[in-house]
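Report on one structure; see the data block that follows.
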Amino acid sequence: MAVENTPARIGKSVLIRGEVKGSEDLFVDGRIEGTISLTESRLTIGPNAVLAADLSARDVLVLGQVQGNITASGRVELRAGCQVTGDVRALRLAIEDNAIFRGKVDLTQAAAKVAGEGTAAEGTVANGAV
């Protein structure tokens, strides 16, 4: 019997090329090439995941590898050991030590705001240092 609060899962042996859309929380531990769009849900990129995709969700937690832009209406967390190459646009951003991030950051008050109205930072962040 499935628990209602358990996120949907994409296992580490799965490869998806194209668009992934949904309205429930999702845990990805495989490979995705394309886009992931979860309007009001949480997206977790597992430690075995390798993504070449643009991500859009309420909250995004990254443990694996992402090459693409991340847009979140809430929080983006980059955990130790992850590798992200691409721009991040979110309300809040947390980067742990030993997370690798290359790209621009746009921290906005709301996802619908026009770029440039929020606080912006540009550069490379490695090991949690700005």
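Chain labels A, B, ... are given in the sequence in which chains occur in the structure tokens; within each chain residues are numbered consecutively from 1, and ligands are likewise numbered from 1 in the order shown.
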Residue neighbourhood Ala8 of chain A, 7 Å, only C-alpha atoms, exclusion window fewer than 6 positions, as a VMD selection string
chain A and resid 25 to 27
Would you mind exporting C-alpha atoms of the selected residues as a PDB file, in the first residue's frame?
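See again.pdb below for the written result:
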ATOM      1  CA  ASP A  25       6.495  15.707  -5.740  1.00  0.00           C
ATOM      2  CA  LEU A  26       9.134  13.887  -7.803  1.00  0.00           C
ATOM      3  CA  PHE A  27      12.407  12.140  -6.943  1.00  0.00           C
TER       4      PHE A  27
END
Could you list, as a VMD selection string, every residue within 6 Å of Ala53 of chain A, counting only C-alpha atoms and ignoring same-chain residues fewer than 4 positions away?
chain A and resid 33 to 35 68
Once you have the residues from the selection above, write them out as a PDB file, in the first residue's frame, restricted to N, CA and C atoms.
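File written: selection-v7.pdb
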ATOM      1  N   GLU A  33      16.975  14.230 -20.246  1.00  0.00           N
ATOM      2  CA  GLU A  33      17.440  15.223 -21.206  1.00  0.00           C
ATOM      3  C   GLU A  33      16.200  15.940 -21.731  1.00  0.00           C
ATOM      4  N   GLY A  34      16.059  17.225 -21.408  1.00  0.00           N
ATOM      5  CA  GLY A  34      14.877  17.975 -21.844  1.00  0.00           C
ATOM      6  C   GLY A  34      14.461  18.991 -20.810  1.00  0.00           C
ATOM      7  N   THR A  35      13.221  18.872 -20.317  1.00  0.00           N
ATOM      8  CA  THR A  35      12.710  19.801 -19.307  1.00  0.00           C
ATOM      9  C   THR A  35      11.906  19.052 -18.250  1.00  0.00           C
ATOM     10  N   GLY A  68      21.779  22.825 -16.724  1.00  0.00           N
ATOM     11  CA  GLY A  68      20.575  23.510 -17.165  1.00  0.00           C
ATOM     12  C   GLY A  68      20.153  24.529 -16.138  1.00  0.00           C
TER      13      GLY A  68
END
Give the strand (DSSP E) residues of chain A, as assigned by DSSP on the backbone, as JSON, numbers by chain.
{"A": [8, 9, 10, 15, 16, 17, 18, 19, 20, 21, 22, 26, 27, 28, 31, 32, 33, 34, 35, 36, 37, 38, 39, 40, 41, 42, 43, 44, 45, 50, 51, 52, 53, 54, 55, 56, 57, 58, 59, 60, 61, 62, 65, 66, 67, 70, 71, 72, 75, 76, 77, 78, 83, 84, 85, 88, 89, 90, 92, 93, 94, 95, 100, 101, 102, 103, 104, 105, 106, 107, 119, 120, 121, 122, 123, 124, 125, 126]}
Write out as a list in words each polymer residue whose atoms come within 8 Å of Leu55 of chain A, counting only C-alpha atoms; drop sequence neighbours fewer than 4 positions from it.
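Close residues of Leu55 of chain A: Thr35, Ile36, Ser37, Gly68, Asn69, Ile70 and Thr71 of chain A.
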Which residue out of A:Ala52, A:Val66, A:Leu43, A:Leu38 has the minimum interatomic distance to Leu15 of chain A when only C-alpha atoms are used?
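Once distances to Leu15 of chain A are computed over only C-alpha atoms, the minimum belongs to A:Ala52.
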Kindly assemble as CSV a list of the segment 4-82 of chain A residues that lie within 12 Å of segment 87-106 of chain A, each paired with its nearest atom pair and their distance in Å to one decimal, using only C-alpha atoms, sorted first by chain and then by ascending residue number.
residue,atom,partner,partner_atom,distance
A:Ala53,CA,A:Asp87,CA,11.8
A:Asp54,CA,A:Asp87,CA,9.5
A:Leu55,CA,A:Val88,CA,9.5
A:Ser56,CA,A:Arg89,CA,9.5
A:Ala57,CA,A:Ala90,CA,9.7
A:Arg58,CA,A:Ala90,CA,8.9
A:Asp59,CA,A:Ala90,CA,8.7
A:Val60,CA,A:Ala90,CA,9.4
A:Leu61,CA,A:Ala94,CA,9.5
A:Val62,CA,A:Ala99,CA,9.5
A:Leu63,CA,A:Ala99,CA,8.8
A:Gly64,CA,A:Ala99,CA,9.8
A:Gln65,CA,A:Ile100,CA,9.4
A:Val66,CA,A:Phe101,CA,9.6
A:Gln67,CA,A:Asp87,CA,9.4
A:Gly68,CA,A:Asp87,CA,7.2
A:Asn69,CA,A:Asp87,CA,4.7
A:Ile70,CA,A:Val88,CA,4.8
A:Thr71,CA,A:Arg89,CA,4.8
A:Ala72,CA,A:Ala90,CA,4.7
A:Ser73,CA,A:Ala90,CA,5.7
A:Gly74,CA,A:Leu91,CA,5.1
A:Arg75,CA,A:Arg92,CA,4.6
A:Val76,CA,A:Leu93,CA,4.9
A:Glu77,CA,A:Ala94,CA,4.8
A:Leu78,CA,A:Ile95,CA,4.8
A:Arg79,CA,A:Glu96,CA,5.2
A:Ala80,CA,A:Ala99,CA,4.5
A:Gly81,CA,A:Ala99,CA,5.1
A:Cys82,CA,A:Ala99,CA,5.1
Among the residues A:Thr44, A:Thr39, A:Val20, A:Gly30, the one that comes closest to Pro7 of chain A [using only C-alpha atoms]
A:Thr44
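Proximity to Ile32 of chain A was assessed for A:Ile10, A:Ile16, A:Leu107, A:Ala49 counting only C-alpha atoms; the smallest distance is recorded for A:Ile16.
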